[in-house]
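Enquirer: My questions will all concern the structure given below.
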Amino acid sequence: DAGVIQSPRHEVTEMGQEVTLRCKPISGHNSLFWYRQTMMRGLELLIYFNNNVPIDDSGMPEDRFSAKMPNASFSTLKIQPSEPRDSAVYFCASSRQGKGGYGYTFGSGTRLTVV
Amino acid sequence: RKEVEQDPGPFNVPEGATVAFNCTYSNSASQSFFWYRQDCRKEPKLLMSVYSSGNEDGRFTAQLNRASQYISLLIRDSKLSDSATYLCVVNNNFGNEKLTFGTGTRLTIIP
């Protein structure tokens, strides 16, 4: 199993530019999560999907952030326009629905720097 | 009040010592509990689940006290390789996969 695959690993962009982060969950996992990690706030859940449907997006900071899951094997997190305060590590994770948090697997993360 | 609270540390502990971390959670309806480990510039990885009866995995022991809403992790005979950030994690609804993470406790084992 290849695990959860995220791309890119690193992204440096200028303020105002659009940024798209990508995630491929583990095959057979039907829950997908986007987290953001900063030194100040730790790991925060942005949004999660069950069976490609967004279930809880209460953690999405503002309208500049959007996430999609067009099929079971792919999700994107988009920031438009990006701001320096968006600099963080963005993790994608997946699990099987109904496991109550067991079997969670994280991707390696995307380190985003907005200058 | 944060849903999951941990002492951020850092804990600087000599090799071979025993170290304990504590964590409290605010939602009494929380269903499942975990300790994750995160190495520098890496993703979090599951260290162990935490049960009311307590559980042990080699040098690691985890305890849950539901009445006090308190979770602990004990590391015995600490190794240099134990240096990492330890995250206390809670799930509030067994049908819901959402995990809430504490901000983590940083541990450094000193030779």
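Numbering starts fresh at 1 for the residues of each chain in the structure tokens, the chains themselves are lettered A, B, ... in the order given, and ligands are numbered from 1 as they appear.
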Can you pull out every residue within 12 Å of Thr105 of chain A, counting only C-alpha atoms, but drop anything in the same chain fewer than 4 positions away, and send it as a PyMOL selection string?
Expert: (chain A and resi 1-5+24-27+29+31-34+91-96+101+109) or (chain B and resi 36+43-47+97+99)
Enquirer: With only C-alpha atoms as the counted atoms, please give the residues lying no more than 12 Å from Thr20 of chain A, apart from itself and same-chain residues fewer than 4 positions off, as a ChimeraX atom specification.
Expert: /A:6-13,64-68,75-82,90,110,112
Enquirer: Would you put the residues from that selection into a file with N, CA and C atoms, as a JSON list (two decimals), in the first residue's frame?
Expert:
[["chain", "number", "residue", "atom", "x", "y", "z"],
["A", 6, "GLN", "N", 0.53, 13.00, -0.93],
["A", 6, "GLN", "CA", 0.26, 14.43, -1.08],
["A", 6, "GLN", "C", 1.28, 15.06, -2.03],
["A", 7, "SER", "N", 0.80, 16.07, -2.75],
["A", 7, "SER", "CA", 1.72, 16.84, -3.59],
["A", 7, "SER", "C", 1.24, 18.28, -3.65],
["A", 8, "PRO", "N", 2.17, 19.22, -3.82],
["A", 8, "PRO", "CA", 3.62, 19.03, -3.75],
["A", 8, "PRO", "C", 4.09, 18.85, -2.31],
["A", 9, "ARG", "N", 5.33, 18.51, -2.10],
["A", 9, "ARG", "CA", 5.88, 18.41, -0.75],
["A", 9, "ARG", "C", 6.16, 19.79, -0.18],
["A", 10, "HIS", "N", 6.61, 20.68, -1.06],
["A", 10, "HIS", "CA", 6.90, 22.06, -0.67],
["A", 10, "HIS", "C", 6.33, 22.99, -1.72],
["A", 11, "GLU", "N", 5.83, 24.13, -1.25],
["A", 11, "GLU", "CA", 5.30, 25.14, -2.17],
["A", 11, "GLU", "C", 5.64, 26.51, -1.62],
["A", 12, "VAL", "N", 6.31, 27.31, -2.44],
["A", 12, "VAL", "CA", 6.58, 28.69, -2.09],
["A", 12, "VAL", "C", 5.89, 29.54, -3.13],
["A", 13, "THR", "N", 5.08, 30.47, -2.66],
["A", 13, "THR", "CA", 4.31, 31.29, -3.59],
["A", 13, "THR", "C", 4.22, 32.71, -3.08],
["A", 64, "ARG", "N", -11.60, 32.13, 1.20],
["A", 64, "ARG", "CA", -10.43, 31.95, 0.33],
["A", 64, "ARG", "C", -10.06, 30.47, 0.21],
["A", 65, "PHE", "N", -10.54, 29.67, 1.14],
["A", 65, "PHE", "CA", -10.23, 28.24, 1.15],
["A", 65, "PHE", "C", -11.41, 27.46, 0.58],
["A", 66, "SER", "N", -11.08, 26.50, -0.28],
["A", 66, "SER", "CA", -12.11, 25.60, -0.79],
["A", 66, "SER", "C", -11.51, 24.22, -0.98],
["A", 67, "ALA", "N", -12.33, 23.19, -0.83],
["A", 67, "ALA", "CA", -11.86, 21.81, -0.99],
["A", 67, "ALA", "C", -12.87, 21.03, -1.81],
["A", 68, "LYS", "N", -12.33, 20.12, -2.59],
["A", 68, "LYS", "CA", -13.18, 19.27, -3.42],
["A", 68, "LYS", "C", -12.71, 17.83, -3.35],
["A", 75, "SER", "N", -8.42, 14.38, -3.92],
["A", 75, "SER", "CA", -8.99, 15.57, -3.30],
["A", 75, "SER", "C", -8.03, 16.74, -3.49],
["A", 76, "THR", "N", -8.59, 17.93, -3.54],
["A", 76, "THR", "CA", -7.78, 19.14, -3.61],
["A", 76, "THR", "C", -8.20, 20.13, -2.55],
["A", 77, "LEU", "N", -7.24, 20.90, -2.09],
["A", 77, "LEU", "CA", -7.48, 22.04, -1.21],
["A", 77, "LEU", "C", -6.90, 23.26, -1.91],
["A", 78, "LYS", "N", -7.74, 24.25, -2.12],
["A", 78, "LYS", "CA", -7.32, 25.42, -2.88],
["A", 78, "LYS", "C", -7.39, 26.67, -2.01],
["A", 79, "ILE", "N", -6.39, 27.51, -2.15],
["A", 79, "ILE", "CA", -6.38, 28.79, -1.45],
["A", 79, "ILE", "C", -6.24, 29.88, -2.51],
["A", 80, "GLN", "N", -7.21, 30.77, -2.55],
["A", 80, "GLN", "CA", -7.22, 31.81, -3.57],
["A", 80, "GLN", "C", -7.93, 33.06, -3.05],
["A", 81, "PRO", "N", -7.26, 34.18, -2.88],
["A", 81, "PRO", "CA", -5.83, 34.39, -3.02],
["A", 81, "PRO", "C", -5.09, 34.01, -1.74],
["A", 82, "SER", "N", -3.86, 33.59, -1.87],
["A", 82, "SER", "CA", -3.07, 33.19, -0.70],
["A", 82, "SER", "C", -2.54, 34.43, 0.04],
["A", 90, "TYR", "N", 0.25, 21.56, 5.61],
["A", 90, "TYR", "CA", -1.11, 21.04, 5.35],
["A", 90, "TYR", "C", -1.01, 19.53, 5.20],
["A", 110, "THR", "N", 2.20, 18.96, 2.97],
["A", 110, "THR", "CA", 2.70, 19.99, 2.05],
["A", 110, "THR", "C", 3.09, 21.20, 2.88],
["A", 112, "LEU", "N", 3.71, 24.83, 3.02],
["A", 112, "LEU", "CA", 3.38, 26.01, 2.22],
["A", 112, "LEU", "C", 3.99, 27.26, 2.84]]
Enquirer: Residues of chain A that have any atom at most 7 Å from an atom of chain B: could you tabulate them with the shortest-distance atom pair and the distance in Å to one decimal, using only C-alpha atoms, ordered by chain and increasing number, as CSV?
Expert:
residue,atom,partner,partner_atom,distance
A:Arg41,CA,B:Thr103,CA,6.8
A:Gly42,CA,B:Thr103,CA,4.7
A:Leu43,CA,B:Phe101,CA,6.2
A:Gln97,CA,B:Glu97,CA,6.6
A:Gly98,CA,B:Gly95,CA,5.1
A:Lys99,CA,B:Glu97,CA,6.8
A:Gly100,CA,B:Phe94,CA,4.2
A:Gly101,CA,B:Glu97,CA,4.9
A:Phe106,CA,B:Glu43,CA,6.3
A:Gly107,CA,B:Glu43,CA,6.6
A:Ser108,CA,B:Glu43,CA,5.3
A:Gly109,CA,B:Glu43,CA,6.6
Enquirer: Enumerate as a PyMOL selection string all residues of chain A assigned to strand (DSSP E or B) by DSSP on the backbone, naming them with the chain letters and numbers the document uses.
Expert: chain A and resi 5-7+10-13+19-24+31-38+42-50+53-56+65-71+74-79+88-95+105-106+110-114
Enquirer: Mind pulling up the distance from atom CA of Val50 of chain B to atom CA of Ala62 of chain B?
Expert: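 According to the coordinates, atom CA of Ala62 of chain B and atom CA of Val50 of chain B are separated by 5.7 Å.
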Enquirer: So, counting only C-alpha atoms, which residue among A:Gly28, A:Glu83, A:Asp63, A:Met39 is closest to Asn51 of chain A?
Expert: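 The answer is A:Gly28, which sits nearest to Asn51 of chain A.
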Enquirer: I need the residue nearest Arg59 of chain B from this list: B:Val4, B:Ile109, B:Cys88, B:Val19. Use only C-alpha atoms for the distance.
Expert: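 With only C-alpha atoms as the atom set, the closest residue is B:Val19.
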